[in-house]
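What follows is a single structure, written as structure tokens, with notes after it.
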Amino acid sequence: MRLQQLRYLREIVNKNLNLSKAAESLHTSQPGISRQIQLLEEELGVDIFVRNGKRIVKITPPGEVIVEIAEKMLKDVENLKQISQEFSDKASGTLIIATTHTQARYALPPVIKRFTEKYPKVKLILRQGNPTQISTLVSSGEADLAIATEAIELFRELVMLPCYQWNRSIIVTPKHPLLKQHPLTLEAIAQYPIITYDFAFTGRSKINQAFASKGLTPNVVLTAIDADVIKTYVELGLGIGILAKMAFDTHRDKHLRAIDASHLFEPSTTRIGISRNSYIRSYIYDFIEMFAPHLDEATVKAAMKNQLITPAQDTPQTTK
């Protein structure tokens with residue numbers, strides 16, 4: 001059994017059992033991958049895949065277990081390399097953060113500035129996507145940390161670390177009637193076209209739940225993954241916006257107004273997700289603590305070991 005065979009196995013699974021895509025990703029030939037998987041099956045004495053001719057159609061029950069163990073073995077190999085790097089040079093390496101647009105645009109900049117000043121030799125990479133996509137990147141080992149609000153808790157292979165809670169604002173044009181609505185109600189909001197986040201993003205489920213609890217159906221005319229896009233269309237008069245509070249900046253958004261809506265919606269919690277089997281380098285612990293000061297190295301290690309849940313704090317001052 002060779003590590004290369006396990007890498008081939010993992011890539012086939014990651015590419016949804018498509019041998020051609022797996023071969024392309026690994027810069028090798030499809031027959032070469034097929035042959036190595038067949039040799040692995042012969043050595044183990046079981047079929048990992050069900051085939052229809054030359055095409056793989058699904059994973060067998062024993063194959064599911066083998067894939068899981070292979071993933072862990074490859075992760076352990078990667079951890080050995082990380083440990084070697086840690087002791088040879090603690091202040092250099094790579095940190096890959098998978099996150100949403102809202103976090104990357106509004107919550108992370110001051111933290112990244114501090115981090116890069118302290119660790120100038122660490123290459124920092126941001127990968128953006130929806131919460132499901134970024135959680136998958138971490139669970140597959142393609143990113144070190146996932147930072148998001150929705151869906152991240154659905155990934156059991158990730159340790160979830162609550163960072164902070166946040167709520168929402170209603171974004172309107174300067175002379176909008178809602179500015180005179182006291183107190184602001186969901187019934188009043190529901191009278192206007194709404195522009196807000198795509199369902200997969202940034203607490204959208206909390207918005208839907210709030211309207212449903214009042215028997216209201218909001219008129220959502222436009223959704224986007226980018227808060228700046230939402231604000232642009234609010235400014236054009238297409239509707240009112242529902243955004244994370246942190247996504248409104250009074251200095252930059254001079255042509256808009258924000259109305260606090262925290263009394264109308266349940267707060268959302270932003271979390272950091274870490275793969276259970278990953279080796280965490282010292283500068284990653286430092287980054288986590290910069291982002292969420294209550295998550296020091298000892299707390300994160302305890303959570304990694306025991307899945308302890310640390311209460312989230314309020315929105316950091318740097319993101320208001």
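Residues in the structure tokens are named by chain (A, B, ... in the order shown) and by number from 1 within that chain; ligands are numbered from 1 in the order shown.
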
Asp249 (chain A) surroundings by only C-alpha atoms, 12 Å radius, close-in-sequence under 2 positions cut, as a list of chain:residue names: A:Arg105, A:Tyr106, A:Ser169, A:Ile171, A:Ala227, A:Asp228, A:Lys231, A:Leu243, A:Ala244, A:Lys245, A:Met246, A:Ala247, A:His251, A:Arg252, A:Asp253, A:Lys254, A:His255, A:Leu256, A:Arg257, A:Ala258, A:Thr318, A:Thr319, A:Lys320

Would you list, as a count of residues only, the residues of region 141-313 of chain A that end up in helix (DSSP H, G or I) under DSSP run on this structure's backbone? 53

Can you tell me, as a ChimeraX atom specification, what residues are no more than 6 Å from region 273-281 of chain A when counting only C-alpha atoms, ignoring any on the same chain fewer than 3 positions away? /A:79,139,145-146,158-160,284

Take the selection from the previous step and output its residues with C-alpha atoms, as a PDB file, in the first residue's frame.
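Dumped everything to again_14.pdb:
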ATOM      1  CA  ASN A  79       0.280  16.943  10.217  1.00  0.00           C
ATOM      2  CA  SER A 139     -13.027  19.461   5.995  1.00  0.00           C
ATOM      3  CA  LEU A 145     -10.017  27.833   8.984  1.00  0.00           C
ATOM      4  CA  ALA A 146     -13.646  28.394   8.023  1.00  0.00           C
ATOM      5  CA  LEU A 158     -15.282  20.389  12.107  1.00  0.00           C
ATOM      6  CA  VAL A 159     -14.782  21.729  15.616  1.00  0.00           C
ATOM      7  CA  MET A 160     -16.940  24.836  15.968  1.00  0.00           C
ATOM      8  CA  ILE A 284      -2.966  29.982  13.581  1.00  0.00           C
TER       9      ILE A 284
END

Hey, what's within 6 Å of Ala292 (chain A) if we count only C-alpha atoms and toss same-chain stuff fewer than 3 positions away? As a list in words, please?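 Contacts, with the query itself left out: Cys163, Glu289 and Leu295 of chain A.
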
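Of the residues under consideration (A:Trp166, A:Tyr285, A:Phe248, A:Tyr192), A:Trp166 shows the shortest atom-to-atom contact distance to His263 (chain A) when counting only C-alpha atoms.
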
If you measure from CA of Asp144 (chain A) to CA of Ile96 (chain A), what distance in Å do you get, rounded to one decimal?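 Spanning CA of Asp144 (chain A) to CA of Ile96 (chain A) is a straight-line distance of 5.3 Å.
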
For Ser140 (chain A), work out the shell of residues within 10 Å, counting only C-alpha atoms and skipping chain neighbours fewer than 6 positions away, then give it as number ranges by chain. A: 10, 14, 71, 75, 134, 157, 275

Write out, as a PDB file, in the first residue's frame, the residues just selected, with N, CA and C atoms.
ATOM      1  N   ARG A  10      -8.559   9.523  -2.574  1.00  0.00           N
ATOM      2  CA  ARG A  10      -9.194  10.738  -2.052  1.00  0.00           C
ATOM      3  C   ARG A  10      -9.647  11.667  -3.174  1.00  0.00           C
ATOM      4  N   ASN A  14     -13.259  13.202  -4.084  1.00  0.00           N
ATOM      5  CA  ASN A  14     -13.440  14.660  -4.126  1.00  0.00           C
ATOM      6  C   ASN A  14     -13.994  15.135  -5.460  1.00  0.00           C
ATOM      7  N   GLU A  71      -8.472   9.067   4.393  1.00  0.00           N
ATOM      8  CA  GLU A  71      -8.478  10.508   4.622  1.00  0.00           C
ATOM      9  C   GLU A  71      -7.738  10.855   5.908  1.00  0.00           C
ATOM     10  N   LYS A  75      -4.267  12.940   6.326  1.00  0.00           N
ATOM     11  CA  LYS A  75      -4.240  14.094   7.219  1.00  0.00           C
ATOM     12  C   LYS A  75      -3.100  13.965   8.224  1.00  0.00           C
ATOM     13  N   ILE A 134     -17.201  26.830   1.979  1.00  0.00           N
ATOM     14  CA  ILE A 134     -15.997  27.081   2.765  1.00  0.00           C
ATOM     15  C   ILE A 134     -15.793  26.009   3.831  1.00  0.00           C
ATOM     16  N   GLU A 157     -17.356  16.947  11.101  1.00  0.00           N
ATOM     17  CA  GLU A 157     -15.909  16.757  11.162  1.00  0.00           C
ATOM     18  C   GLU A 157     -15.163  18.033  11.543  1.00  0.00           C
ATOM     19  N   SER A 275     -10.781  21.626  11.262  1.00  0.00           N
ATOM     20  CA  SER A 275     -10.844  20.175  11.114  1.00  0.00           C
ATOM     21  C   SER A 275     -10.342  19.505  12.380  1.00  0.00           C
TER      22      SER A 275
END

Using only C-alpha atoms, determine which residues lie at most 7 Å from Val111 (chain A), disregarding the query and same-chain residues fewer than 3 positions distant; provide the list as number ranges by chain. A: 108, 114-115, 290-291

Please produce a file of the residues just selected, as a PDB file, in the first residue's frame, where the atoms kept are all heavy atoms.
ATOM      1  N   LEU A 108     -12.855  40.916   8.990  1.00  0.00           N
ATOM      2  CA  LEU A 108     -11.474  40.441   8.983  1.00  0.00           C
ATOM      3  C   LEU A 108     -10.386  41.489   8.742  1.00  0.00           C
ATOM      4  O   LEU A 108      -9.258  41.294   9.201  1.00  0.00           O
ATOM      5  CB  LEU A 108     -11.318  39.317   7.959  1.00  0.00           C
ATOM      6  CG  LEU A 108     -11.878  37.958   8.390  1.00  0.00           C
ATOM      7  CD1 LEU A 108     -11.850  36.979   7.221  1.00  0.00           C
ATOM      8  CD2 LEU A 108     -11.079  37.399   9.557  1.00  0.00           C
ATOM      9  N   ARG A 114      -3.267  43.294  11.613  1.00  0.00           N
ATOM     10  CA  ARG A 114      -2.453  42.986  12.790  1.00  0.00           C
ATOM     11  C   ARG A 114      -1.632  41.720  12.570  1.00  0.00           C
ATOM     12  O   ARG A 114      -0.449  41.653  12.924  1.00  0.00           O
ATOM     13  CB  ARG A 114      -3.354  42.788  14.016  1.00  0.00           C
ATOM     14  CG  ARG A 114      -3.941  44.049  14.597  1.00  0.00           C
ATOM     15  CD  ARG A 114      -4.870  43.717  15.756  1.00  0.00           C
ATOM     16  NE  ARG A 114      -4.177  42.945  16.787  1.00  0.00           N
ATOM     17  CZ  ARG A 114      -4.806  42.190  17.687  1.00  0.00           C
ATOM     18  NH1 ARG A 114      -6.134  42.072  17.655  1.00  0.00           N
ATOM     19  NH2 ARG A 114      -4.111  41.543  18.594  1.00  0.00           N
ATOM     20  N   PHE A 115      -2.271  40.714  11.982  1.00  0.00           N
ATOM     21  CA  PHE A 115      -1.609  39.432  11.789  1.00  0.00           C
ATOM     22  C   PHE A 115      -0.425  39.568  10.829  1.00  0.00           C
ATOM     23  O   PHE A 115       0.670  39.053  11.101  1.00  0.00           O
ATOM     24  CB  PHE A 115      -2.603  38.405  11.262  1.00  0.00           C
ATOM     25  CG  PHE A 115      -2.013  37.037  11.060  1.00  0.00           C
ATOM     26  CD1 PHE A 115      -1.903  36.150  12.126  1.00  0.00           C
ATOM     27  CD2 PHE A 115      -1.573  36.630   9.804  1.00  0.00           C
ATOM     28  CE1 PHE A 115      -1.351  34.884  11.940  1.00  0.00           C
ATOM     29  CE2 PHE A 115      -1.025  35.371   9.611  1.00  0.00           C
ATOM     30  CZ  PHE A 115      -0.906  34.496  10.688  1.00  0.00           C
ATOM     31  N   MET A 290      -6.696  36.729  17.835  1.00  0.00           N
ATOM     32  CA  MET A 290      -6.862  38.099  17.347  1.00  0.00           C
ATOM     33  C   MET A 290      -8.293  38.348  16.890  1.00  0.00           C
ATOM     34  O   MET A 290      -8.860  39.425  17.108  1.00  0.00           O
ATOM     35  CB  MET A 290      -5.902  38.358  16.175  1.00  0.00           C
ATOM     36  CG  MET A 290      -4.458  38.482  16.543  1.00  0.00           C
ATOM     37  SD  MET A 290      -3.442  38.789  15.060  1.00  0.00           S
ATOM     38  CE  MET A 290      -1.788  38.710  15.761  1.00  0.00           C
ATOM     39  N   PHE A 291      -8.897  37.349  16.245  1.00  0.00           N
ATOM     40  CA  PHE A 291     -10.255  37.477  15.733  1.00  0.00           C
ATOM     41  C   PHE A 291     -11.290  37.396  16.852  1.00  0.00           C
ATOM     42  O   PHE A 291     -12.291  38.122  16.847  1.00  0.00           O
ATOM     43  CB  PHE A 291     -10.518  36.390  14.694  1.00  0.00           C
ATOM     44  CG  PHE A 291     -11.847  36.521  13.994  1.00  0.00           C
ATOM     45  CD1 PHE A 291     -12.083  37.560  13.103  1.00  0.00           C
ATOM     46  CD2 PHE A 291     -12.865  35.606  14.228  1.00  0.00           C
ATOM     47  CE1 PHE A 291     -13.307  37.692  12.458  1.00  0.00           C
ATOM     48  CE2 PHE A 291     -14.088  35.722  13.586  1.00  0.00           C
ATOM     49  CZ  PHE A 291     -14.309  36.778  12.706  1.00  0.00           C
TER      50      PHE A 291
END

I need the residues of region 77-315 of chain A that end up classed as strand (DSSP E or B) by DSSP on the backbone, written out as a PyMOL selection string. chain A and resi 93-99+122-128+145-148+158-166+168-172+194-197+220-224+240-244+257-260+268-275+313-314

With C-alpha atoms kept, could you save the residues just selected as a PDB file, in the first residue's frame?
ATOM      1  CA  GLY A  93       4.250  29.246   6.416  1.00  0.00           C
ATOM      2  CA  THR A  94       0.786  29.585   4.914  1.00  0.00           C
ATOM      3  CA  LEU A  95      -2.612  30.323   6.434  1.00  0.00           C
ATOM      4  CA  ILE A  96      -5.625  29.660   4.214  1.00  0.00           C
ATOM      5  CA  ILE A  97      -8.891  31.157   5.456  1.00  0.00           C
ATOM      6  CA  ALA A  98     -12.168  30.199   3.793  1.00  0.00           C
ATOM      7  CA  THR A  99     -14.860  32.756   4.523  1.00  0.00           C
ATOM      8  CA  VAL A 122       3.280  33.923   6.632  1.00  0.00           C
ATOM      9  CA  LYS A 123       1.488  33.814   3.285  1.00  0.00           C
ATOM     10  CA  LEU A 124      -2.187  34.518   3.939  1.00  0.00           C
ATOM     11  CA  ILE A 125      -4.789  33.342   1.426  1.00  0.00           C
ATOM     12  CA  LEU A 126      -8.506  34.210   1.515  1.00  0.00           C
ATOM     13  CA  ARG A 127     -10.954  31.955  -0.293  1.00  0.00           C
ATOM     14  CA  GLN A 128     -14.532  33.187  -0.495  1.00  0.00           C
ATOM     15  CA  LEU A 145     -10.017  27.833   8.984  1.00  0.00           C
ATOM     16  CA  ALA A 146     -13.646  28.394   8.023  1.00  0.00           C
ATOM     17  CA  ILE A 147     -15.249  31.631   9.227  1.00  0.00           C
ATOM     18  CA  ALA A 148     -18.985  31.880   8.653  1.00  0.00           C
ATOM     19  CA  LEU A 158     -15.282  20.389  12.107  1.00  0.00           C
ATOM     20  CA  VAL A 159     -14.782  21.729  15.616  1.00  0.00           C
ATOM     21  CA  MET A 160     -16.940  24.836  15.968  1.00  0.00           C
ATOM     22  CA  LEU A 161     -15.676  27.808  17.969  1.00  0.00           C
ATOM     23  CA  PRO A 162     -18.280  30.551  18.574  1.00  0.00           C
ATOM     24  CA  CYS A 163     -16.672  33.961  18.000  1.00  0.00           C
ATOM     25  CA  TYR A 164     -19.248  36.711  18.331  1.00  0.00           C
ATOM     26  CA  GLN A 165     -22.927  37.504  17.921  1.00  0.00           C
ATOM     27  CA  TRP A 166     -24.338  40.116  15.590  1.00  0.00           C
ATOM     28  CA  ARG A 168     -29.133  43.390  11.482  1.00  0.00           C
ATOM     29  CA  SER A 169     -29.983  46.839  10.231  1.00  0.00           C
ATOM     30  CA  ILE A 170     -32.554  48.013   7.720  1.00  0.00           C
ATOM     31  CA  ILE A 171     -30.864  50.075   5.006  1.00  0.00           C
ATOM     32  CA  VAL A 172     -32.904  52.806   3.300  1.00  0.00           C
ATOM     33  CA  ILE A 194     -36.721  43.843   0.143  1.00  0.00           C
ATOM     34  CA  ILE A 195     -33.146  43.306  -1.005  1.00  0.00           C
ATOM     35  CA  THR A 196     -31.095  40.976   1.155  1.00  0.00           C
ATOM     36  CA  TYR A 197     -28.650  38.095   1.252  1.00  0.00           C
ATOM     37  CA  VAL A 220     -37.820  39.790  -1.558  1.00  0.00           C
ATOM     38  CA  VAL A 221     -37.167  41.243  -5.015  1.00  0.00           C
ATOM     39  CA  LEU A 222     -33.407  40.754  -5.173  1.00  0.00           C
ATOM     40  CA  THR A 223     -30.813  38.667  -3.354  1.00  0.00           C
ATOM     41  CA  ALA A 224     -27.034  38.834  -3.498  1.00  0.00           C
ATOM     42  CA  ILE A 240     -34.963  48.436   1.285  1.00  0.00           C
ATOM     43  CA  GLY A 241     -32.012  46.360   2.424  1.00  0.00           C
ATOM     44  CA  ILE A 242     -31.632  43.956   5.328  1.00  0.00           C
ATOM     45  CA  LEU A 243     -27.945  43.659   6.201  1.00  0.00           C
ATOM     46  CA  ALA A 244     -25.593  42.658   8.977  1.00  0.00           C
ATOM     47  CA  ARG A 257     -29.324  55.398   6.313  1.00  0.00           C
ATOM     48  CA  ALA A 258     -29.345  52.448   8.732  1.00  0.00           C
ATOM     49  CA  ILE A 259     -32.157  51.618  11.165  1.00  0.00           C
ATOM     50  CA  ASP A 260     -31.396  49.238  14.011  1.00  0.00           C
ATOM     51  CA  SER A 268     -26.676  35.186  14.670  1.00  0.00           C
ATOM     52  CA  THR A 269     -23.360  33.691  15.753  1.00  0.00           C
ATOM     53  CA  THR A 270     -20.225  33.772  13.657  1.00  0.00           C
ATOM     54  CA  ARG A 271     -18.031  30.710  14.177  1.00  0.00           C
ATOM     55  CA  ILE A 272     -14.590  29.477  13.280  1.00  0.00           C
ATOM     56  CA  GLY A 273     -14.480  25.888  12.023  1.00  0.00           C
ATOM     57  CA  ILE A 274     -11.334  23.741  12.316  1.00  0.00           C
ATOM     58  CA  SER A 275     -10.844  20.175  11.114  1.00  0.00           C
ATOM     59  CA  GLN A 313     -19.209  37.378  22.534  1.00  0.00           C
ATOM     60  CA  ASP A 314     -20.946  40.432  21.147  1.00  0.00           C
TER      61      ASP A 314
END

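Omitting Arg55 (chain A) and its sequence neighbours fewer than 6 positions away, and counting only C-alpha atoms, the residues within 12 Å are Ile12, Asn16, Leu17, Asn18, Leu19, Ser20, Gln30, Pro31, Ser34 and Phe49 of chain A.
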
Using only C-alpha atoms, can you tell me which of A:Asn219, A:Asp296, A:Val138, A:Asn167 comes closest to Gly239 (chain A)?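 So, comparing all the options, the nearest one is A:Asn219.
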
State, in Å with one decimal place, the distance from CA of Ser282 (chain A) to CA of Ser92 (chain A).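 Distance reported for this atom pair: 10.3 Å.
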
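Among the candidate residues A:Val229, A:Arg156, A:Leu186, A:Pro193, the one lying nearest to Ala212 (chain A) is A:Leu186, with distances computed using only C-alpha atoms.
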
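Here the question is which of A:Leu178, A:Ala22, A:Leu39, A:Leu6 gets nearest to Ile69 (chain A) using only C-alpha atoms, and that residue is A:Leu6.
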